[in-house]
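Novice: What follows is structure02.csv, CSV, C-alpha atoms.
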chain,number,residue,atom,x,y,z
A,1,MET,CA,-2.4,-49.0,-5.0
A,2,GLN,CA,-6.1,-49.5,-4.2
A,3,HIS,CA,-5.7,-53.0,-2.9
A,4,ILE,CA,-2.9,-52.6,-0.3
A,5,HIS,CA,-5.3,-52.3,2.6
A,6,LYS,CA,-7.1,-55.4,1.5
A,7,LEU,CA,-3.9,-57.4,1.4
A,8,GLU,CA,-3.2,-56.3,5.0
A,9,GLN,CA,-6.2,-58.4,6.0
A,10,LEU,CA,-4.9,-61.5,4.2
A,11,ILE,CA,-1.6,-62.0,6.0
A,12,ASN,CA,-0.8,-65.7,6.4
A,13,LYS,CA,-3.1,-66.7,3.5
A,14,SER,CA,-1.7,-68.6,0.5
A,15,LEU,CA,-1.5,-66.8,-2.8
A,16,VAL,CA,-4.2,-69.0,-4.2
A,17,GLU,CA,-6.5,-67.9,-1.3
A,18,ILE,CA,-5.6,-64.3,-1.9
A,19,ASP,CA,-6.2,-64.6,-5.6
A,20,ALA,CA,-9.7,-65.9,-4.9
A,21,ASP,CA,-10.5,-62.8,-2.9
A,22,PHE,CA,-10.0,-60.6,-6.0
A,23,GLU,CA,-12.0,-60.2,-9.2
A,24,GLU,CA,-11.7,-63.4,-11.2
A,25,ASN,CA,-8.9,-63.3,-13.9
A,26,ALA,CA,-7.9,-66.7,-15.3
A,27,GLU,CA,-4.7,-65.5,-16.9
A,28,ARG,CA,-3.5,-63.9,-13.6
A,29,THR,CA,-4.4,-67.0,-11.6
A,30,ARG,CA,-2.5,-69.2,-14.1
A,31,LEU,CA,0.7,-67.4,-13.1
A,32,LEU,CA,0.6,-69.1,-9.7
A,33,TYR,CA,1.0,-72.5,-11.3
A,34,VAL,CA,3.9,-71.7,-13.6
A,35,SER,CA,7.1,-73.4,-12.4
A,36,LEU,CA,9.5,-70.9,-10.8
A,37,LYS,CA,12.3,-72.8,-12.5
A,38,GLN,CA,10.7,-71.9,-15.8
A,39,GLN,CA,10.0,-68.3,-15.0
A,40,LYS,CA,11.7,-66.9,-11.8
A,41,GLY,CA,9.8,-63.6,-11.6
A,42,VAL,CA,6.3,-65.1,-12.0
A,43,ILE,CA,5.2,-64.5,-8.4
A,44,GLY,CA,6.3,-60.8,-8.7
A,45,ASN,CA,4.3,-60.4,-11.9
A,46,TRP,CA,1.2,-61.9,-10.1
A,47,PHE,CA,1.7,-59.6,-7.1
A,48,GLU,CA,2.1,-56.5,-9.2
A,49,TRP,CA,-1.1,-57.5,-11.2
A,50,ILE,CA,-3.0,-57.9,-7.9
A,51,LEU,CA,-1.9,-54.5,-6.6
A,52,THR,CA,-2.0,-52.3,-9.7
A,53,GLY,CA,-4.6,-54.1,-11.8
A,54,LYS,CA,-2.2,-54.6,-14.7
A,55,ARG,CA,0.6,-56.9,-15.8
A,56,GLY,CA,4.2,-56.0,-14.9
A,57,ASP,CA,6.9,-54.7,-17.3
A,58,ASN,CA,10.6,-54.1,-17.4
A,59,LEU,CA,10.6,-50.3,-17.8
A,60,ALA,CA,13.1,-48.2,-16.0
A,61,GLU,CA,10.4,-46.6,-13.8
A,62,ALA,CA,8.4,-47.5,-10.7
A,63,ASP,CA,5.9,-50.3,-11.1
A,64,ASP,CA,3.0,-48.1,-9.8
A,65,THR,CA,3.5,-44.8,-11.7
A,66,GLU,CA,0.8,-43.0,-9.8
A,67,THR,CA,2.5,-43.4,-6.4
A,68,GLY,CA,6.1,-44.0,-7.5
A,69,VAL,CA,6.3,-47.3,-5.7
A,70,GLU,CA,8.3,-50.2,-6.9
A,71,ILE,CA,6.8,-53.6,-6.0
A,72,LYS,CA,9.1,-56.5,-4.9
A,73,CYS,CA,8.4,-60.0,-3.6
A,74,CYS,CA,11.0,-61.7,-1.4
A,75,GLN,CA,10.8,-65.3,-0.3
A,76,PHE,CA,11.8,-66.0,3.3
A,77,ILE,CA,12.8,-69.2,5.1
A,78,TYR,CA,11.8,-69.9,8.7
A,79,ASN,CA,15.0,-70.6,10.6
A,80,ASN,CA,15.7,-70.6,14.4
A,81,GLY,CA,12.5,-68.9,15.2
A,82,THR,CA,12.7,-66.1,12.7
A,83,TRP,CA,12.0,-65.5,9.0
A,84,GLN,CA,15.2,-64.9,7.0
A,85,PRO,CA,15.5,-63.8,3.3
A,86,LYS,CA,16.2,-66.7,1.0
A,87,GLU,CA,18.3,-64.6,-1.4
A,88,ASN,CA,19.5,-61.1,-2.2
A,89,LEU,CA,17.1,-58.6,-3.7
A,90,ARG,CA,17.9,-57.1,-7.1
A,91,LEU,CA,17.0,-53.4,-7.4
A,92,THR,CA,18.1,-52.3,-10.9
A,93,THR,CA,20.7,-53.2,-13.6
A,94,ILE,CA,23.8,-51.1,-13.8
A,95,ASN,CA,24.4,-49.6,-17.3
A,96,TYR,CA,28.2,-48.9,-17.2
A,97,ASN,CA,27.9,-46.1,-19.9
A,98,GLU,CA,24.8,-44.4,-18.6
A,99,ILE,CA,25.7,-44.3,-14.9
A,100,GLN,CA,28.8,-42.1,-15.7
A,101,TYR,CA,26.7,-39.1,-16.7
A,102,THR,CA,23.7,-39.8,-14.4
A,103,ALA,CA,23.7,-38.1,-11.0
A,104,PHE,CA,22.3,-40.1,-8.1
A,105,GLU,CA,19.2,-37.8,-8.1
A,106,ASP,CA,18.4,-38.7,-11.7
A,107,SER,CA,19.2,-42.4,-11.5
A,108,CYS,CA,17.0,-45.5,-11.9
A,109,LEU,CA,17.9,-46.3,-8.3
A,110,VAL,CA,16.1,-43.2,-7.1
A,111,LYS,CA,13.2,-43.7,-9.5
A,112,LYS,CA,12.8,-47.1,-7.8
A,113,SER,CA,13.7,-46.1,-4.3
A,114,LYS,CA,10.2,-46.5,-2.7
A,115,ILE,CA,9.8,-50.2,-2.5
A,116,LEU,CA,6.8,-52.1,-1.4
A,117,ILE,CA,8.0,-55.5,-0.1
A,118,ALA,CA,5.8,-58.6,0.1
A,119,ARG,CA,7.5,-61.1,2.3
A,120,LEU,CA,6.5,-64.6,1.2
A,121,SER,CA,7.1,-68.1,2.6
A,122,TYR,CA,9.5,-70.2,0.6
A,123,ASN,CA,7.8,-73.3,-0.8
A,124,THR,CA,9.7,-76.2,-2.3
A,125,ASP,CA,6.9,-77.2,-4.8
A,126,GLN,CA,8.4,-74.7,-7.3
A,127,THR,CA,5.2,-72.8,-7.9
A,128,GLY,CA,3.5,-69.9,-6.2
A,129,ALA,CA,0.3,-71.8,-5.5
A,130,ASN,CA,1.0,-72.6,-1.8
A,131,VAL,CA,3.3,-69.7,-1.0
A,132,LYS,CA,2.0,-67.7,1.9
A,133,LEU,CA,2.0,-63.9,2.5
A,134,ILE,CA,4.0,-63.5,5.7
A,135,ASP,CA,4.1,-59.7,6.0
A,136,ILE,CA,3.8,-56.6,3.8
A,137,GLY,CA,5.8,-53.5,4.3
A,138,TYR,CA,8.2,-51.1,2.6
A,139,ILE,CA,11.8,-50.0,2.2
A,140,ASN,CA,12.5,-46.4,1.4
A,141,LEU,CA,16.1,-45.9,0.2
A,142,LEU,CA,15.7,-42.1,0.5
A,143,ASP,CA,14.8,-42.3,4.2
A,144,GLU,CA,16.9,-39.6,6.0
A,145,ARG,CA,18.4,-42.3,8.2
A,146,TRP,CA,20.4,-43.9,5.3
A,147,VAL,CA,20.0,-41.8,2.1
A,148,THR,CA,23.5,-40.3,2.6
A,149,GLN,CA,25.1,-43.8,2.6
A,150,VAL,CA,22.9,-45.0,-0.3
A,151,LYS,CA,24.1,-42.0,-2.4
A,152,ALA,CA,27.7,-42.7,-1.4
A,153,ASP,CA,27.3,-46.4,-2.5
A,154,TYR,CA,25.9,-45.2,-5.9
A,155,GLN,CA,28.7,-42.6,-6.3
A,156,HIS,CA,31.4,-45.2,-5.7
A,157,VAL,CA,30.1,-47.4,-8.5
A,158,ARG,CA,29.7,-44.4,-10.8
A,159,GLU,CA,33.3,-43.4,-10.2
A,160,MET,CA,34.6,-47.0,-10.7
A,161,CYS,CA,32.9,-47.0,-14.2
A,162,MET,CA,34.3,-43.5,-15.0
A,163,MET,CA,37.8,-44.8,-14.2
A,164,GLY,CA,37.3,-47.9,-16.4
A,165,MET,CA,37.3,-50.2,-13.3
A,166,ALA,CA,33.8,-51.7,-13.5
A,167,ASP,CA,35.5,-55.1,-13.7
A,168,LYS,CA,36.7,-54.6,-10.1
A,169,LEU,CA,33.1,-54.4,-8.8
A,170,THR,CA,32.6,-57.4,-6.7
A,171,SER,CA,29.7,-59.6,-5.6
A,172,LYS,CA,31.2,-60.3,-2.2
A,173,LYS,CA,29.7,-59.4,1.1
A,174,ASP,CA,32.7,-57.3,2.2
A,175,GLN,CA,32.5,-54.7,-0.6
A,176,SER,CA,32.7,-51.0,-0.5
A,177,GLY,CA,28.9,-50.5,-0.6
A,178,LYS,CA,27.4,-50.5,2.9
A,179,ILE,CA,23.7,-50.5,2.0
A,180,ILE,CA,23.5,-50.8,-1.8
A,181,LYS,CA,25.6,-53.7,-3.0
A,182,THR,CA,26.7,-54.9,-6.5
A,183,TYR,CA,26.1,-58.4,-7.6
A,184,SER,CA,26.6,-60.3,-10.9
A,185,HIS,CA,23.6,-60.1,-13.1
A,186,GLY,CA,22.6,-62.1,-16.2
A,187,ASN,CA,23.3,-65.5,-17.6
A,188,GLY,CA,26.6,-67.0,-18.9
A,189,LYS,CA,29.6,-64.8,-19.2
A,190,ASN,CA,27.5,-61.7,-19.7
A,191,VAL,CA,30.4,-59.4,-20.6
A,192,LYS,CA,29.5,-55.8,-21.2
A,193,THR,CA,31.5,-53.4,-23.3
A,194,TYR,CA,31.5,-49.7,-22.2
A,195,THR,CA,33.6,-46.5,-22.7
A,196,ASP,CA,35.2,-44.9,-19.6
A,197,ALA,CA,35.5,-41.2,-19.0
A,198,ALA,CA,38.8,-41.0,-20.7
A,199,GLY,CA,37.3,-42.5,-23.9
A,200,ASN,CA,38.9,-46.0,-23.5
A,201,GLN,CA,36.8,-49.0,-24.3
A,202,GLN,CA,36.5,-51.4,-21.4
A,203,GLN,CA,34.8,-54.7,-20.6
A,204,ALA,CA,33.2,-56.0,-17.4
A,205,LYS,CA,30.8,-58.7,-16.3
A,206,GLY,CA,27.3,-57.4,-16.0
A,207,LYS,CA,26.3,-56.2,-12.5
A,208,ALA,CA,23.2,-54.9,-10.8
A,209,PHE,CA,22.4,-53.0,-7.7
A,210,TYR,CA,21.2,-55.2,-4.9
A,211,LEU,CA,20.1,-55.3,-1.3
A,212,PHE,CA,21.8,-58.2,0.4
A,213,LYS,CA,19.9,-60.3,2.9
A,214,GLN,CA,20.9,-58.4,6.0
A,215,GLN,CA,20.1,-55.0,4.4
A,216,GLN,CA,16.6,-56.3,3.6
A,217,VAL,CA,16.1,-57.1,7.3
A,218,ASP,CA,17.6,-53.8,8.6
A,219,LEU,CA,15.7,-51.5,6.3
A,220,PHE,CA,12.3,-53.3,6.3
A,221,GLN,CA,9.4,-51.5,8.0
A,222,SER,CA,6.1,-53.3,8.4
A,223,ILE,CA,2.9,-51.6,7.3
A,224,LEU,CA,1.1,-53.4,10.0
A,225,ASP,CA,3.4,-51.8,12.7
A,226,ASN,CA,2.4,-48.3,11.7
Represent the structure contained in this file as C-alpha cells.

Specialist:
Amino acid sequence: MQHIHKLEQLINKSLVEIDADFEENAERTRLLYVSLKQQKGVIGNWFEWILTGKRGDNLAEADDTETGVEIKCCQFIYNNGTWQPKENLRLTTINYNEIQYTAFEDSCLVKKSKILIARLSYNTDQTGANVKLIDIGYINLLDERWVTQVKADYQHVREMCMMGMADKLTSKKDQSGKIIKTYSHGNGKNVKTYTDAAGNQQQAKGKAFYLFKQQQVDLFQSILDN
C-alpha cells in the first residue's frame, strides 16, 4: 500500500482534507457525501480506494492482494478522556457448510487476518465528509500472543456447525469465543439452511465472525508507535 506513510502525516485531518491531498478523483470524493444510512460501508470503500488505488469488493480475500492486508475502518467516540469503538467489527461471514471442511489455516479468517485499522471519529452528520482520522494501526490475528486462542475460537464454531448446533451460536458478550466472537449478520430473519456432518439438514440465523469492542482495543497496535 503505497500511501500508508502519507496517511501517517495526516492524522487528525478530516477525510475531505485527506482526499484533497491525493490525486483528484470525483467519483471517489463523492463517496464522502453519501449518507451512511443509505450505504453503511461507504467510508470503508473510500479508504480502501485511497490506499490501494482501486475500488473495494466483497471477494473472500484480503483487500490488498499484494501485501495480504485487509482494510477496516472503525468509528470511535470520545468518552471520559479516551476514544472507544462505536460498534463491533465484522471480520468475515460464516458459511455453515463450508466451515465444516475448512481447517483454520485455510479459512477466510486467516486470509483476512492481517488487518489495517483506520480509527475514525464518529460524526453525527451521517456522511464521511467531516469524519477525522484519529489513528492508523493494525491488528494481526496470527500474532503469536493470541493465535492459539483465535484458532480455538474458530474451531469451536466449526465443531458447532458439524454437530448441527449453529443455531446455538450467540451474539452475547459472554460466549465461548475469547477473541473471535460470533454475531448476527444480515437483514430480517436471515435464516440459513445447511447440512451437518451427519448429513442432517439444519437451520440457523446467519452469523459472522467479529471482534467485539474490547478486543479491538486490546489487539490494536498503532503504526505511529513503532

Novice: Using only C-alpha atoms, find each residue in region 69-129 of chain A having at least one atom no more than 8 Å away from region 32-42 of chain A; report its shortest atom-to-atom pair and that distance in Å (one decimal), rows by chain then rising number, as a Markdown table.

Specialist:
| residue | atom | partner | partner_atom | distance |
| --- | --- | --- | --- | --- |
| A:Gln126 | CA | A:Leu36 | CA | 5.3 |
| A:Thr127 | CA | A:Ser35 | CA | 4.9 |
| A:Gly128 | CA | A:Leu32 | CA | 4.6 |
| A:Ala129 | CA | A:Leu32 | CA | 5.0 |

Novice: Store the residues picked out above in a file with C-alpha atoms, as a PDB file, in the coordinates of the input.

Specialist:
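Listed below is the output, part.pdb:
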ATOM      1  CA  GLN A 126       8.400 -74.700  -7.300  1.00  0.00           C
ATOM      2  CA  THR A 127       5.200 -72.800  -7.900  1.00  0.00           C
ATOM      3  CA  GLY A 128       3.500 -69.900  -6.200  1.00  0.00           C
ATOM      4  CA  ALA A 129       0.300 -71.800  -5.500  1.00  0.00           C
TER       5      ALA A 129
END

Novice: Please provide as JSON, numbers by chain all residues within 8 Å of Glu87 (chain A), with the sequence filter that same-chain residues fewer than 2 positions apart are discarded (counting only C-alpha atoms).

Specialist: {"A": [74, 75, 85, 89, 212, 213]}

Novice: Name the residues within 7 Å of (10.4, -66.7, 5.1), counting only C-alpha atoms in the file's coordinates, and put them as a VMD selection string.

Specialist: chain A and resid 75 to 78 83 to 85 119 to 122

Novice: Work out how far apart CA of Cys161 (chain A) and CA of Asn187 (chain A) are and give it in Å to one decimal.

Specialist: 21.1 Å

Novice: Quick one: distance from CA of Phe47 (chain A) to CA of Gly188 (chain A) in Å, one decimal?

Specialist: 28.5 Å

Novice: For the atom pair CA of Trp46 (chain A) and CA of Leu219 (chain A), what is the interatomic distance in Å to one decimal place?

Specialist: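 Between CA of Trp46 (chain A) and CA of Leu219 (chain A) the gap works out to 24.2 Å.
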
Novice: Can you check which parts of region 23-96 of chain A lie within 12 Å of region 143-160 of chain A? Per residue, the shortest pair of atoms and distance in Å to one decimal, counting only C-alpha atoms, sorted by chain and number, as CSV.

Specialist:
residue,atom,partner,partner_atom,distance
A:Thr92,CA,A:Tyr154,CA,11.7
A:Ile94,CA,A:Val157,CA,9.0
A:Asn95,CA,A:Arg158,CA,9.9
A:Tyr96,CA,A:Arg158,CA,8.0

Novice: For region 199-211 of chain A, work out the shell of residues within 9 Å, counting all atoms listed in the file and skipping chain neighbours fewer than 3 positions away, then give it as a PyMOL selection string.

Specialist: chain A and resi 88-96+109+154+164-171+179-186+189-196+214-216

Novice: Hey, can you pull every residue with an atom no more than 9 Å from (-1.4, -69.7, -2.8), using all atoms listed in the file, and send it as a ChimeraX atom specification?

Specialist: /A:13-19,32,127-133

Novice: Filtering to C-alpha atoms, could you give me those residues as a short mmCIF file (atom, residue, chain, number, x, y, z; two decimals), in the frame of the given file?

Specialist:
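Written out: again_6.cif:
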data_model
loop_
_atom_site.label_atom_id
_atom_site.label_comp_id
_atom_site.auth_asym_id
_atom_site.auth_seq_id
_atom_site.Cartn_x
_atom_site.Cartn_y
_atom_site.Cartn_z
CA LYS A 13 -3.10 -66.70 3.50
CA SER A 14 -1.70 -68.60 0.50
CA LEU A 15 -1.50 -66.80 -2.80
CA VAL A 16 -4.20 -69.00 -4.20
CA GLU A 17 -6.50 -67.90 -1.30
CA ILE A 18 -5.60 -64.30 -1.90
CA ASP A 19 -6.20 -64.60 -5.60
CA LEU A 32 0.60 -69.10 -9.70
CA THR A 127 5.20 -72.80 -7.90
CA GLY A 128 3.50 -69.90 -6.20
CA ALA A 129 0.30 -71.80 -5.50
CA ASN A 130 1.00 -72.60 -1.80
CA VAL A 131 3.30 -69.70 -1.00
CA LYS A 132 2.00 -67.70 1.90
CA LEU A 133 2.00 -63.90 2.50
#

Novice: Here is a test: counting all atoms listed in the file, which residue of A:Gly81, A:Ser176, A:Lys86, A:Leu51 is nearest to Thr124 (chain A)?

Specialist: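 Closest to Thr124 (chain A) of all the choices is A:Lys86.
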
Novice: From the set A:Lys172, A:Arg30, A:Lys111, A:Lys178, which residue has the shortest atom-to-atom contact distance to Asp218 (chain A), counting only C-alpha atoms?

Specialist: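 Smallest separation from Asp218 (chain A) among the options: A:Lys178.
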
Novice: My list of candidates is A:Asp125, A:Leu10, A:His5, A:Lys112. Which is closest to Lys72 (chain A) when distances are computed with all atoms listed in the file?

Specialist: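 The closest residue to Lys72 (chain A) is A:Lys112.
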